[in-house]
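Structure file data_24.txt (compact mmCIF, C-alpha atoms) follows.
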# COMPACT_ATOMS: atom_id res chain seq x y z
CA MET A 228 -12.65 5.37 -17.98
CA ASP A 229 -13.72 4.96 -14.37
CA VAL A 230 -14.60 1.37 -13.45
CA ILE A 231 -15.30 2.13 -9.77
CA GLU A 232 -17.07 5.20 -8.39
CA VAL A 233 -17.52 5.71 -4.65
CA GLN A 234 -19.42 8.79 -3.49
CA ASN A 235 -19.90 9.96 0.12
CA LEU A 236 -19.80 6.43 1.50
CA HIS A 237 -20.94 6.01 5.11
CA LYS A 238 -21.04 2.84 7.20
CA ARG A 239 -21.47 2.30 10.93
CA TYR A 240 -21.72 -0.68 13.26
CA GLY A 241 -23.95 0.22 16.17
CA GLU A 242 -22.45 3.33 17.73
CA THR A 243 -19.14 2.91 15.90
CA VAL A 244 -18.68 4.83 12.65
CA ALA A 245 -16.32 2.80 10.43
CA VAL A 246 -16.60 4.98 7.31
CA GLU A 247 -17.63 8.60 7.70
CA ASP A 248 -17.34 10.12 4.22
CA VAL A 249 -15.30 8.38 1.52
CA SER A 250 -15.25 9.32 -2.17
CA PHE A 251 -12.90 8.22 -4.95
CA THR A 252 -12.83 6.78 -8.46
CA VAL A 253 -10.69 4.01 -9.95
CA GLU A 254 -9.62 4.14 -13.57
CA LYS A 255 -9.48 1.13 -15.85
CA GLY A 256 -6.07 -0.56 -15.93
CA GLU A 257 -4.51 1.18 -12.92
CA ILE A 258 -3.31 -0.04 -9.55
CA PHE A 259 -5.29 2.08 -7.13
CA GLY A 260 -4.14 2.04 -3.52
CA ILE A 261 -6.17 2.59 -0.37
CA LEU A 262 -3.66 3.51 2.32
CA GLY A 263 -4.28 4.16 5.98
CA PRO A 264 -3.69 2.94 9.53
CA ASN A 265 -5.45 -0.09 10.98
CA GLY A 266 -9.02 0.85 11.88
CA ALA A 267 -9.17 3.70 9.35
CA GLY A 268 -12.07 2.13 7.43
CA LYS A 269 -10.14 0.64 4.52
CA THR A 270 -11.52 -2.90 4.69
CA THR A 271 -15.10 -1.72 5.31
CA THR A 272 -14.80 0.50 2.25
CA VAL A 273 -13.68 -2.30 -0.06
CA GLU A 274 -16.26 -4.70 1.40
CA CYS A 275 -18.91 -2.21 0.26
CA VAL A 276 -17.23 -2.16 -3.18
CA GLU A 277 -17.28 -5.97 -3.26
CA GLY A 278 -20.95 -6.16 -2.24
CA LEU A 279 -20.14 -7.93 1.04
CA ARG A 280 -21.60 -5.01 3.01
CA ARG A 281 -24.39 -2.57 2.24
CA PRO A 282 -23.57 1.12 2.82
CA ASP A 283 -25.74 3.11 5.20
CA ALA A 284 -25.43 6.15 2.95
CA GLY A 285 -23.68 7.21 -0.23
CA SER A 286 -23.32 5.30 -3.47
CA VAL A 287 -21.00 2.70 -5.00
CA SER A 288 -20.81 1.76 -8.67
CA VAL A 289 -18.55 -1.02 -9.99
CA LEU A 290 -18.50 -1.63 -13.74
CA GLY A 291 -21.84 0.18 -13.87
CA MET A 292 -23.41 -2.09 -11.25
CA GLU A 293 -24.52 -1.48 -7.68
CA PRO A 294 -22.61 -4.11 -5.65
CA ALA A 295 -25.21 -4.71 -2.93
CA ARG A 296 -27.98 -5.13 -5.52
CA ASP A 297 -26.06 -6.79 -8.37
CA ARG A 298 -23.70 -8.94 -6.31
CA THR A 299 -24.29 -12.15 -8.26
CA ALA A 300 -23.52 -10.52 -11.60
CA LEU A 301 -20.58 -8.60 -10.13
CA THR A 302 -18.88 -11.72 -8.75
CA GLN A 303 -18.41 -12.90 -12.34
CA ARG A 304 -16.32 -9.81 -13.12
CA LEU A 305 -14.68 -8.99 -9.80
CA GLY A 306 -11.94 -11.06 -8.12
CA VAL A 307 -11.34 -10.71 -4.39
CA GLN A 308 -8.45 -11.64 -2.12
CA LEU A 309 -9.79 -11.18 1.41
CA GLN A 310 -7.76 -9.75 4.29
CA GLU A 311 -8.35 -12.96 6.22
CA GLY A 312 -9.17 -16.26 4.60
CA ALA A 313 -8.16 -19.89 4.72
CA LEU A 314 -8.85 -23.10 2.85
CA GLN A 315 -9.32 -26.56 4.26
CA GLU A 316 -5.92 -27.83 5.38
CA LYS A 317 -6.18 -31.07 3.39
CA LEU A 318 -7.32 -29.39 0.19
CA LYS A 319 -4.66 -29.63 -2.50
CA VAL A 320 -3.69 -26.62 -4.58
CA ARG A 321 -5.07 -28.10 -7.81
CA GLU A 322 -8.32 -29.04 -6.01
CA ALA A 323 -8.75 -25.48 -4.78
CA MET A 324 -8.19 -24.16 -8.29
CA GLU A 325 -10.68 -26.64 -9.78
CA LEU A 326 -13.28 -25.80 -7.13
CA TYR A 327 -13.05 -22.06 -7.69
CA ALA A 328 -12.96 -22.49 -11.47
CA SER A 329 -16.29 -24.31 -11.25
CA PHE A 330 -17.93 -21.09 -10.02
CA TYR A 331 -17.41 -19.33 -13.36
CA PRO A 332 -18.74 -19.98 -16.88
CA GLU A 333 -15.43 -19.07 -18.56
CA PRO A 334 -12.63 -19.52 -16.01
CA ALA A 335 -8.98 -18.77 -16.68
CA ASP A 336 -6.48 -21.54 -17.33
CA GLY A 337 -5.61 -22.74 -13.82
CA ASP A 338 -2.31 -24.31 -14.84
CA GLU A 339 -1.25 -21.08 -16.55
CA LEU A 340 -2.08 -19.09 -13.41
CA LEU A 341 -0.13 -21.48 -11.21
CA GLU A 342 2.81 -21.18 -13.57
CA LEU A 343 2.59 -17.37 -13.54
CA LEU A 344 2.46 -17.32 -9.73
CA GLY A 345 5.28 -19.80 -9.22
CA LEU A 346 3.04 -22.58 -7.88
CA ALA A 347 3.21 -25.08 -10.73
CA GLY A 348 5.37 -27.38 -8.62
CA LYS A 349 2.87 -27.25 -5.76
CA ARG A 350 -0.21 -28.48 -7.63
CA ASN A 351 -0.48 -31.63 -5.50
CA THR A 352 0.58 -29.99 -2.22
CA TYR A 353 -1.87 -29.72 0.67
CA TYR A 354 -2.81 -26.18 1.70
CA LYS A 355 -1.43 -26.71 5.21
CA LYS A 356 2.00 -27.52 3.73
CA LEU A 357 2.32 -24.21 1.89
CA SER A 358 4.48 -21.40 3.25
CA GLY A 359 2.95 -18.02 4.03
CA GLY A 360 4.12 -16.59 0.73
CA GLN A 361 2.79 -19.57 -1.21
CA LYS A 362 -0.61 -19.24 0.47
CA GLN A 363 -0.72 -15.59 -0.57
CA ARG A 364 0.17 -16.54 -4.14
CA LEU A 365 -2.61 -19.11 -4.12
CA SER A 366 -5.06 -16.48 -2.86
CA ILE A 367 -4.12 -14.29 -5.83
CA ALA A 368 -4.60 -17.25 -8.21
CA LEU A 369 -8.06 -17.91 -6.76
CA ALA A 370 -8.94 -14.22 -7.11
CA LEU A 371 -7.96 -14.37 -10.80
CA ILE A 372 -9.41 -17.75 -11.77
CA GLY A 373 -12.68 -16.15 -12.90
CA ASN A 374 -10.90 -13.91 -15.44
CA PRO A 375 -11.97 -10.76 -13.53
CA GLU A 376 -11.77 -7.26 -14.91
CA ILE A 377 -11.01 -5.94 -11.41
CA ALA A 378 -9.11 -7.60 -8.55
CA VAL A 379 -9.32 -6.36 -4.95
CA LEU A 380 -6.28 -7.32 -2.85
CA ASP A 381 -6.71 -6.56 0.86
CA GLU A 382 -3.55 -6.39 3.01
CA LEU A 383 -1.86 -8.73 0.58
CA THR A 384 1.59 -8.94 2.17
CA THR A 385 0.82 -8.71 5.89
CA GLY A 386 2.65 -11.52 7.68
CA LEU A 387 5.17 -12.16 4.90
CA ASP A 388 8.94 -11.88 5.27
CA PRO A 389 10.68 -9.09 3.31
CA GLN A 390 11.70 -11.26 0.34
CA ALA A 391 8.24 -12.81 0.02
CA ARG A 392 6.73 -9.33 0.08
CA ARG A 393 8.95 -8.17 -2.78
CA ASP A 394 8.20 -11.31 -4.79
CA THR A 395 4.49 -10.67 -4.28
CA TRP A 396 4.87 -7.08 -5.52
CA THR A 397 6.37 -8.38 -8.76
CA LEU A 398 3.41 -10.73 -9.14
CA VAL A 399 0.93 -7.91 -8.63
CA GLU A 400 2.64 -5.88 -11.36
CA SER A 401 2.47 -8.87 -13.71
CA VAL A 402 -1.26 -9.21 -13.00
CA ARG A 403 -1.81 -5.56 -13.92
CA ASP A 404 0.17 -6.17 -17.11
CA ARG A 405 -2.47 -8.79 -18.03
CA GLY A 406 -5.04 -5.95 -18.17
CA VAL A 407 -6.58 -6.39 -14.72
CA THR A 408 -7.47 -3.26 -12.74
CA ILE A 409 -6.25 -3.66 -9.17
CA VAL A 410 -7.49 -2.12 -5.94
CA LEU A 411 -4.75 -2.60 -3.34
CA VAL A 412 -5.51 -2.09 0.35
CA THR A 413 -2.40 -1.64 2.47
CA HIS A 414 -0.87 0.07 5.49
CA PHE A 415 2.69 -0.33 4.20
CA MET A 416 4.25 2.85 2.83
CA ASP A 417 6.89 1.23 0.59
CA GLU A 418 4.27 -1.10 -0.89
CA ALA A 419 2.03 1.83 -1.81
CA GLU A 420 4.91 3.83 -3.28
CA ARG A 421 6.22 0.88 -5.30
CA LEU A 422 2.95 -0.40 -6.75
CA CYS A 423 0.26 2.27 -6.93
CA ASP A 424 -0.50 4.61 -9.81
CA ARG A 425 -2.78 6.62 -7.51
CA LEU A 426 -3.63 6.51 -3.82
CA ALA A 427 -6.49 7.42 -1.52
CA LEU A 428 -5.22 8.26 1.95
CA ILE A 429 -7.92 7.26 4.45
CA ASP A 430 -7.90 8.21 8.10
CA GLU A 431 -10.70 7.87 10.66
CA GLY A 432 -13.21 6.98 7.97
CA ARG A 433 -12.48 9.96 5.73
CA VAL A 434 -10.38 10.53 2.62
CA ALA A 435 -7.51 12.89 3.40
CA ALA A 436 -6.30 13.08 -0.22
CA VAL A 437 -6.32 11.27 -3.58
CA ASP A 438 -3.30 11.66 -5.85
CA THR A 439 -0.32 9.91 -7.37
CA PRO A 440 2.44 8.98 -4.90
CA ALA A 441 4.60 11.73 -6.40
CA GLY A 442 1.76 14.24 -6.16
CA LEU A 443 1.22 13.42 -2.49
CA VAL A 444 4.95 13.79 -1.80
CA ASP A 445 4.89 17.21 -3.47
CA ARG A 446 2.25 18.25 -0.95
CA ALA A 447 4.78 17.55 1.80
CA GLY A 448 6.81 20.46 0.45
CA GLY A 449 9.57 18.61 -1.40
CA GLU A 450 12.15 19.51 1.24
CA GLN A 451 15.50 17.77 1.56
CA ARG A 452 17.09 16.77 4.83
CA VAL A 453 20.85 16.51 5.33
CA ARG A 454 21.77 14.40 8.34
CA PHE A 455 25.34 14.11 9.63
CA ARG A 456 27.56 13.86 12.69
CA PRO A 457 29.84 16.92 12.88
CA SER A 458 33.54 16.48 13.68
CA ALA A 459 33.24 19.58 15.90
CA GLU A 460 30.30 21.48 17.32
CA PRO A 461 29.17 24.12 14.77
CA ASP A 462 28.28 27.65 15.78
CA GLY A 463 24.53 28.05 16.26
CA GLU A 464 24.22 30.53 13.39
CA LEU A 465 26.59 28.83 10.93
CA LEU A 466 24.03 26.62 9.20
CA ALA A 467 20.94 28.72 9.92
CA ALA A 468 22.54 31.52 7.88
CA VAL A 469 22.74 29.38 4.73
CA PRO A 470 20.13 30.80 2.27
CA GLU A 471 18.52 27.45 1.35
CA VAL A 472 18.17 26.24 4.97
CA SER A 473 14.71 26.29 6.57
CA SER A 474 15.54 24.60 9.89
CA VAL A 475 18.38 23.06 11.90
CA SER A 476 17.78 20.50 14.63
CA ARG A 477 19.60 17.87 16.67
CA GLU A 478 18.85 14.13 16.92
CA GLY A 479 21.29 12.75 19.46
CA ASP A 480 24.81 13.40 18.18
CA HIS A 481 23.53 14.10 14.64
CA VAL A 482 22.65 17.45 13.09
CA VAL A 483 19.65 17.53 10.75
CA VAL A 484 19.44 20.40 8.27
CA SER A 485 16.23 20.86 6.24
CA GLY A 486 15.85 23.01 3.17
CA THR A 487 15.48 23.21 -0.61
CA GLY A 488 17.48 23.94 -3.74
CA ASN A 489 21.25 23.38 -3.64
CA LEU A 490 21.13 22.48 0.03
CA VAL A 491 23.88 19.84 0.11
CA PRO A 492 26.80 21.79 -1.45
CA LEU A 493 25.88 24.92 0.49
CA VAL A 494 25.85 23.04 3.80
CA VAL A 495 29.16 21.33 2.98
CA ASN A 496 30.75 24.67 2.04
CA ALA A 497 29.53 26.29 5.26
CA LEU A 498 30.95 23.46 7.35
CA SER A 499 34.22 23.52 5.41
CA SER A 500 34.63 27.25 6.10
CA ALA A 501 34.51 26.41 9.81
CA GLN A 502 36.84 23.41 9.34
CA ILE A 503 34.09 20.98 10.32
CA VAL A 504 33.81 17.59 8.61
CA PRO A 505 30.30 16.08 8.17
CA ILE A 506 30.66 12.40 9.16
CA ASP A 507 28.18 9.73 7.98
CA MET A 508 26.31 12.28 5.88
CA ARG A 509 22.95 11.17 4.50
CA VAL A 510 20.59 13.07 2.22
CA GLU A 511 16.87 12.31 2.58
CA GLN A 512 14.07 13.47 0.30
CA ALA A 513 10.47 14.03 1.34
CA ASN A 514 8.52 10.80 0.89
CA LEU A 515 5.05 9.33 1.20
CA GLU A 516 5.49 9.02 4.96
CA ASP A 517 5.99 12.79 5.22
CA ALA A 518 2.90 13.38 3.08
CA PHE A 519 0.73 11.14 5.23
CA VAL A 520 1.92 12.72 8.47
CA MET A 521 1.34 16.21 7.06
CA LEU A 522 -2.15 15.41 5.77
CA THR A 523 -3.42 13.37 8.72
CA GLY A 524 -1.21 14.21 11.68
CA LYS A 525 -0.66 10.47 12.23
CA ALA A 526 2.79 9.28 13.28
CA LEU A 527 4.37 6.11 11.95
CA GLU A 528 5.57 3.16 13.96
CA PHE A 529 7.88 0.29 13.06
CA ASP A 530 6.14 -3.00 12.24
CA THR A 531 8.60 -5.75 13.16
CA ALA A 532 6.21 -8.65 13.68
CA VAL A 533 6.95 -10.32 10.33
CA GLU A 534 10.68 -9.69 10.02
CA PRO A 535 13.53 -12.00 10.95
CA ALA A 536 16.37 -10.90 13.20
CA GLY A 537 18.73 -8.55 11.44
CA ALA A 538 16.22 -7.49 8.77
CA PRO A 539 15.59 -3.75 8.28
CA HIS A 540 12.50 -2.34 9.94
CA GLN A 541 9.38 -2.03 7.81
CA LYS A 542 7.46 1.19 8.29
CA SER A 543 3.71 0.89 8.49
CA LEU A 544 0.77 2.92 9.71
CA ARG A 545 -0.69 2.32 13.14
Target format structure tokens, applied to this file:
Amino acid sequence: MDVIEVQNLHKRYGETVAVEDVSFTVEKGEIFGILGPNGAGKTTTVECVEGLRRPDAGSVSVLGMEPARDRTALTQRLGVQLQEGALQEKLKVREAMELYASFYPEPADGDELLELLGLAGKRNTYYKKLSGGQKQRLSIALALIGNPEIAVLDELTTGLDPQARRDTWTLVESVRDRGVTIVLVTHFMDEAERLCDRLALIDEGRVAAVDTPAGLVDRAGGEQRVRFRPSAEPDGELLAAVPEVSSVSREGDHVVVSGTGNLVPLVVNALSSAQIVPIDMRVEQANLEDAFVMLTGKALEFDTAVEPAGAPHQKSLR
């Protein structure tokens, strides 16, 4: 059953078109991702879903209600974690929970939520004393305190270190297990692949595709890539002649062979026949990054702003 229906959504600010033509549906009980680069129209789209903005054209239905018209009723059934938000620095965690609980006729058990989100020991801690990850956990708790049927989480893990991000992913999965439908807005590829049942890829205010992560990857062709450093320079036709190979390229001192089927053993056999050893061989499958680049033409950049020295780069859309 669809709990959210967005059809031909359009929103502009003056001369700037933020959302050109966006359509998708969200099914009950799923984690639905909205993935795209910064400025693609993701946040404007969900703000129309939340009733915070009124569309210029198109329609939005959430739990059978029109958000802009039925916002008061919708807030009782929809939980929201905003992309940017902050509490008063000297507000304690338990005080924030009590305040938000007072907005709802039948709020959830605040202590149970804090326990679930690993904040039980921080009940009497001031907001300003919380770490970035703890603040994000509190924002999830506040989004869930009204016992919502749907929770919208906008750029949930931006600014968190790698371990805090992974801890937050586990929390999101536990929230879905409680029966809450989740709309997750993100520009992180691994986050979308890990969490989402289905994804809408949004670029320049339009939906490029809606599918499961696996379905989107299939659209990238399902090719494999074998990357290695050869012990000796191979003949130009040696690898190109292998039946499963579609292309051969160089990246510095590495050879990259793309293809399908039994690519790896065939490449190894070809190299062996020429007495060439593949050093540091790696096999890479097509992934969500490849699908996004193929569907939108957008390249990926490394987002290193939140990572400590020595941590692996986190790929995100820019």
Next on the checklist: Ranking A:Tyr353, A:Glu376, A:His481, A:Asn496 by minimum distance to Leu301 in chain A and counting all atoms listed in the file, which one comes first?
Outcome noted: A:Glu376
Checklist entry - From the set A:Val273, A:Val444, A:Ala501, A:Ile261, which residue has the shortest atom-to-atom contact distance to His414 in chain A, counting all atoms listed in the file? => result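 For His414 in chain A, the nearest of the given residues is A:Ile261.
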Item to check | Using only C-alpha atoms: which of A:Ala347, A:Ile409, A:Leu428, A:Leu309 has the shortest distance to Glu254 in chain A | outcome: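 For Glu254 in chain A, the nearest of the given residues is A:Ile409.
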Next on the checklist: Residues near range 379-390 of chain A, anyone? I mean within 7 Å using all atoms listed in the file, not counting same-chain ones fewer than 3 positions away, as a list in words.
Outcome noted: Gly306, Val307, Gln308, Leu309, Gln310, Gly359, Gly360, Arg393, Asp394, Ile409, Val410, Leu411, Val412, Thr413, Val533 and Glu534 of chain A
Using C-alpha atoms, can you export the residues from the last selection as an mmCIF file, in the coordinates of the input?
data_model
loop_
_atom_site.group_PDB
_atom_site.id
_atom_site.type_symbol
_atom_site.label_atom_id
_atom_site.label_comp_id
_atom_site.auth_asym_id
_atom_site.auth_seq_id
_atom_site.Cartn_x
_atom_site.Cartn_y
_atom_site.Cartn_z
ATOM 1 C CA GLY A 306 -11.940 -11.060 -8.120
ATOM 2 C CA VAL A 307 -11.340 -10.710 -4.390
ATOM 3 C CA GLN A 308 -8.450 -11.640 -2.120
ATOM 4 C CA LEU A 309 -9.790 -11.180 1.410
ATOM 5 C CA GLN A 310 -7.760 -9.750 4.290
ATOM 6 C CA GLY A 359 2.950 -18.020 4.030
ATOM 7 C CA GLY A 360 4.120 -16.590 0.730
ATOM 8 C CA ARG A 393 8.950 -8.170 -2.780
ATOM 9 C CA ASP A 394 8.200 -11.310 -4.790
ATOM 10 C CA ILE A 409 -6.250 -3.660 -9.170
ATOM 11 C CA VAL A 410 -7.490 -2.120 -5.940
ATOM 12 C CA LEU A 411 -4.750 -2.600 -3.340
ATOM 13 C CA VAL A 412 -5.510 -2.090 0.350
ATOM 14 C CA THR A 413 -2.400 -1.640 2.470
ATOM 15 C CA VAL A 533 6.950 -10.320 10.330
ATOM 16 C CA GLU A 534 10.680 -9.690 10.020
#
Next on the checklist: For a cutoff of 6 Å around the file-coordinate point (-6.5, 5.6, 6.2), which residues qualify once you count all atoms listed in the file? I'd like the result as a list in words.
Outcome noted: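 Counting all atoms listed in the file, I find these residues within 6 Å of (-6.5, 5.6, 6.2): Leu262, Gly263, Pro264, Ala267, Leu428, Ile429 and Asp430 of chain A.
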Item to check | One-decimal distance in Å that lies between CA of Lys356 in chain A and CA of Arg403 in chain A | outcome: 28.4 Å
Checklist entry - Expressed in Å to a single decimal, how great is the separation between CA of Leu522 in chain A and CA of Val434 in chain A? => result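 Separation between CA of Leu522 in chain A and CA of Val434 in chain A: 10.1 Å.
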Item to check | Nearest to Arg321 in chain A, chosen from A:Asn235, A:Ser401, A:Asn351, A:Thr299, with only C-alpha atoms counted in the distances | outcome: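 The answer is A:Asn351, which sits nearest to Arg321 in chain A.
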Just add N, CA and C atoms to range 282-316 of chain A and send it as a PDB file, in the frame of the given file.
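Everything below was put into result39.pdb:
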ATOM      1  N   PRO A 282     -23.817  -0.187   2.197  1.00  0.00           N
ATOM      2  CA  PRO A 282     -23.570   1.120   2.820  1.00  0.00           C
ATOM      3  C   PRO A 282     -24.820   1.656   3.514  1.00  0.00           C
ATOM      4  N   ASP A 283     -24.622   2.438   4.549  1.00  0.00           N
ATOM      5  CA  ASP A 283     -25.740   3.110   5.200  1.00  0.00           C
ATOM      6  C   ASP A 283     -26.134   4.369   4.445  1.00  0.00           C
ATOM      7  N   ALA A 284     -25.166   4.951   3.750  1.00  0.00           N
ATOM      8  CA  ALA A 284     -25.430   6.150   2.950  1.00  0.00           C
ATOM      9  C   ALA A 284     -24.347   6.249   1.887  1.00  0.00           C
ATOM     10  N   GLY A 285     -24.620   7.072   0.872  1.00  0.00           N
ATOM     11  CA  GLY A 285     -23.680   7.210  -0.230  1.00  0.00           C
ATOM     12  C   GLY A 285     -23.960   6.195  -1.316  1.00  0.00           C
ATOM     13  N   SER A 286     -23.113   6.200  -2.331  1.00  0.00           N
ATOM     14  CA  SER A 286     -23.320   5.300  -3.470  1.00  0.00           C
ATOM     15  C   SER A 286     -22.015   4.657  -3.898  1.00  0.00           C
ATOM     16  N   VAL A 287     -22.136   3.438  -4.448  1.00  0.00           N
ATOM     17  CA  VAL A 287     -21.000   2.700  -5.000  1.00  0.00           C
ATOM     18  C   VAL A 287     -21.415   2.120  -6.338  1.00  0.00           C
ATOM     19  N   SER A 288     -20.578   2.335  -7.354  1.00  0.00           N
ATOM     20  CA  SER A 288     -20.810   1.760  -8.670  1.00  0.00           C
ATOM     21  C   SER A 288     -19.541   1.048  -9.115  1.00  0.00           C
ATOM     22  N   VAL A 289     -19.677  -0.225  -9.504  1.00  0.00           N
ATOM     23  CA  VAL A 289     -18.550  -1.020  -9.990  1.00  0.00           C
ATOM     24  C   VAL A 289     -18.925  -1.592 -11.342  1.00  0.00           C
ATOM     25  N   LEU A 290     -18.207  -1.192 -12.369  1.00  0.00           N
ATOM     26  CA  LEU A 290     -18.500  -1.630 -13.740  1.00  0.00           C
ATOM     27  C   LEU A 290     -19.963  -1.365 -14.092  1.00  0.00           C
ATOM     28  N   GLY A 291     -20.466  -0.229 -13.587  1.00  0.00           N
ATOM     29  CA  GLY A 291     -21.840   0.180 -13.870  1.00  0.00           C
ATOM     30  C   GLY A 291     -22.885  -0.524 -13.037  1.00  0.00           C
ATOM     31  N   MET A 292     -22.472  -1.348 -12.089  1.00  0.00           N
ATOM     32  CA  MET A 292     -23.410  -2.090 -11.250  1.00  0.00           C
ATOM     33  C   MET A 292     -23.362  -1.594  -9.807  1.00  0.00           C
ATOM     34  N   GLU A 293     -24.467  -1.784  -9.100  1.00  0.00           N
ATOM     35  CA  GLU A 293     -24.520  -1.480  -7.680  1.00  0.00           C
ATOM     36  C   GLU A 293     -24.196  -2.776  -6.925  1.00  0.00           C
ATOM     37  N   PRO A 294     -23.056  -2.844  -6.237  1.00  0.00           N
ATOM     38  CA  PRO A 294     -22.610  -4.110  -5.650  1.00  0.00           C
ATOM     39  C   PRO A 294     -23.615  -4.802  -4.753  1.00  0.00           C
ATOM     40  N   ALA A 295     -24.270  -4.078  -3.863  1.00  0.00           N
ATOM     41  CA  ALA A 295     -25.210  -4.710  -2.930  1.00  0.00           C
ATOM     42  C   ALA A 295     -26.409  -5.292  -3.670  1.00  0.00           C
ATOM     43  N   ARG A 296     -26.818  -4.672  -4.766  1.00  0.00           N
ATOM     44  CA  ARG A 296     -27.980  -5.130  -5.520  1.00  0.00           C
ATOM     45  C   ARG A 296     -27.608  -6.158  -6.579  1.00  0.00           C
ATOM     46  N   ASP A 297     -26.452  -5.956  -7.230  1.00  0.00           N
ATOM     47  CA  ASP A 297     -26.060  -6.790  -8.370  1.00  0.00           C
ATOM     48  C   ASP A 297     -24.898  -7.717  -8.016  1.00  0.00           C
ATOM     49  N   ARG A 298     -24.866  -8.186  -6.790  1.00  0.00           N
ATOM     50  CA  ARG A 298     -23.700  -8.940  -6.310  1.00  0.00           C
ATOM     51  C   ARG A 298     -23.439 -10.194  -7.137  1.00  0.00           C
ATOM     52  N   THR A 299     -24.485 -10.916  -7.501  1.00  0.00           N
ATOM     53  CA  THR A 299     -24.290 -12.150  -8.260  1.00  0.00           C
ATOM     54  C   THR A 299     -23.621 -11.885  -9.594  1.00  0.00           C
ATOM     55  N   ALA A 300     -24.114 -10.868 -10.306  1.00  0.00           N
ATOM     56  CA  ALA A 300     -23.520 -10.520 -11.600  1.00  0.00           C
ATOM     57  C   ALA A 300     -22.100  -9.976 -11.413  1.00  0.00           C
ATOM     58  N   LEU A 301     -21.892  -9.216 -10.352  1.00  0.00           N
ATOM     59  CA  LEU A 301     -20.580  -8.600 -10.130  1.00  0.00           C
ATOM     60  C   LEU A 301     -19.511  -9.644  -9.828  1.00  0.00           C
ATOM     61  N   THR A 302     -19.877 -10.703  -9.114  1.00  0.00           N
ATOM     62  CA  THR A 302     -18.880 -11.720  -8.750  1.00  0.00           C
ATOM     63  C   THR A 302     -18.275 -12.400  -9.978  1.00  0.00           C
ATOM     64  N   GLN A 303     -18.950 -12.329 -11.118  1.00  0.00           N
ATOM     65  CA  GLN A 303     -18.410 -12.900 -12.340  1.00  0.00           C
ATOM     66  C   GLN A 303     -17.343 -12.015 -12.979  1.00  0.00           C
ATOM     67  N   ARG A 304     -17.261 -10.766 -12.508  1.00  0.00           N
ATOM     68  CA  ARG A 304     -16.320  -9.810 -13.120  1.00  0.00           C
ATOM     69  C   ARG A 304     -15.344  -9.197 -12.125  1.00  0.00           C
ATOM     70  N   LEU A 305     -15.509  -9.556 -10.858  1.00  0.00           N
ATOM     71  CA  LEU A 305     -14.680  -8.990  -9.800  1.00  0.00           C
ATOM     72  C   LEU A 305     -14.014 -10.113  -9.016  1.00  0.00           C
ATOM     73  N   GLY A 306     -12.680 -10.079  -8.914  1.00  0.00           N
ATOM     74  CA  GLY A 306     -11.940 -11.060  -8.120  1.00  0.00           C
ATOM     75  C   GLY A 306     -11.538 -10.448  -6.795  1.00  0.00           C
ATOM     76  N   VAL A 307     -11.586 -11.238  -5.733  1.00  0.00           N
ATOM     77  CA  VAL A 307     -11.340 -10.710  -4.390  1.00  0.00           C
ATOM     78  C   VAL A 307     -10.366 -11.601  -3.636  1.00  0.00           C
ATOM     79  N   GLN A 308      -9.341 -10.980  -3.066  1.00  0.00           N
ATOM     80  CA  GLN A 308      -8.450 -11.640  -2.120  1.00  0.00           C
ATOM     81  C   GLN A 308      -8.711 -10.996  -0.774  1.00  0.00           C
ATOM     82  N   LEU A 309      -9.363 -11.737   0.140  1.00  0.00           N
ATOM     83  CA  LEU A 309      -9.790 -11.180   1.410  1.00  0.00           C
ATOM     84  C   LEU A 309      -8.610 -10.959   2.351  1.00  0.00           C
ATOM     85  N   GLN A 310      -8.789 -10.018   3.297  1.00  0.00           N
ATOM     86  CA  GLN A 310      -7.760  -9.750   4.290  1.00  0.00           C
ATOM     87  C   GLN A 310      -7.464 -10.995   5.122  1.00  0.00           C
ATOM     88  N   GLU A 311      -8.513 -11.721   5.475  1.00  0.00           N
ATOM     89  CA  GLU A 311      -8.350 -12.960   6.220  1.00  0.00           C
ATOM     90  C   GLU A 311      -9.134 -14.057   5.522  1.00  0.00           C
ATOM     91  N   GLY A 312      -8.487 -15.150   5.246  1.00  0.00           N
ATOM     92  CA  GLY A 312      -9.170 -16.260   4.600  1.00  0.00           C
ATOM     93  C   GLY A 312      -8.296 -17.490   4.658  1.00  0.00           C
ATOM     94  N   ALA A 313      -8.925 -18.645   4.649  1.00  0.00           N
ATOM     95  CA  ALA A 313      -8.160 -19.890   4.720  1.00  0.00           C
ATOM     96  C   ALA A 313      -8.955 -20.993   4.040  1.00  0.00           C
ATOM     97  N   LEU A 314      -8.225 -21.937   3.468  1.00  0.00           N
ATOM     98  CA  LEU A 314      -8.850 -23.100   2.850  1.00  0.00           C
ATOM     99  C   LEU A 314      -8.736 -24.279   3.803  1.00  0.00           C
ATOM    100  N   GLN A 315      -9.445 -25.328   3.490  1.00  0.00           N
ATOM    101  CA  GLN A 315      -9.320 -26.560   4.260  1.00  0.00           C
ATOM    102  C   GLN A 315      -7.876 -27.058   4.188  1.00  0.00           C
ATOM    103  N   GLU A 316      -7.328 -27.461   5.323  1.00  0.00           N
ATOM    104  CA  GLU A 316      -5.920 -27.830   5.380  1.00  0.00           C
ATOM    105  C   GLU A 316      -5.549 -28.962   4.434  1.00  0.00           C
TER     106      GLU A 316
END
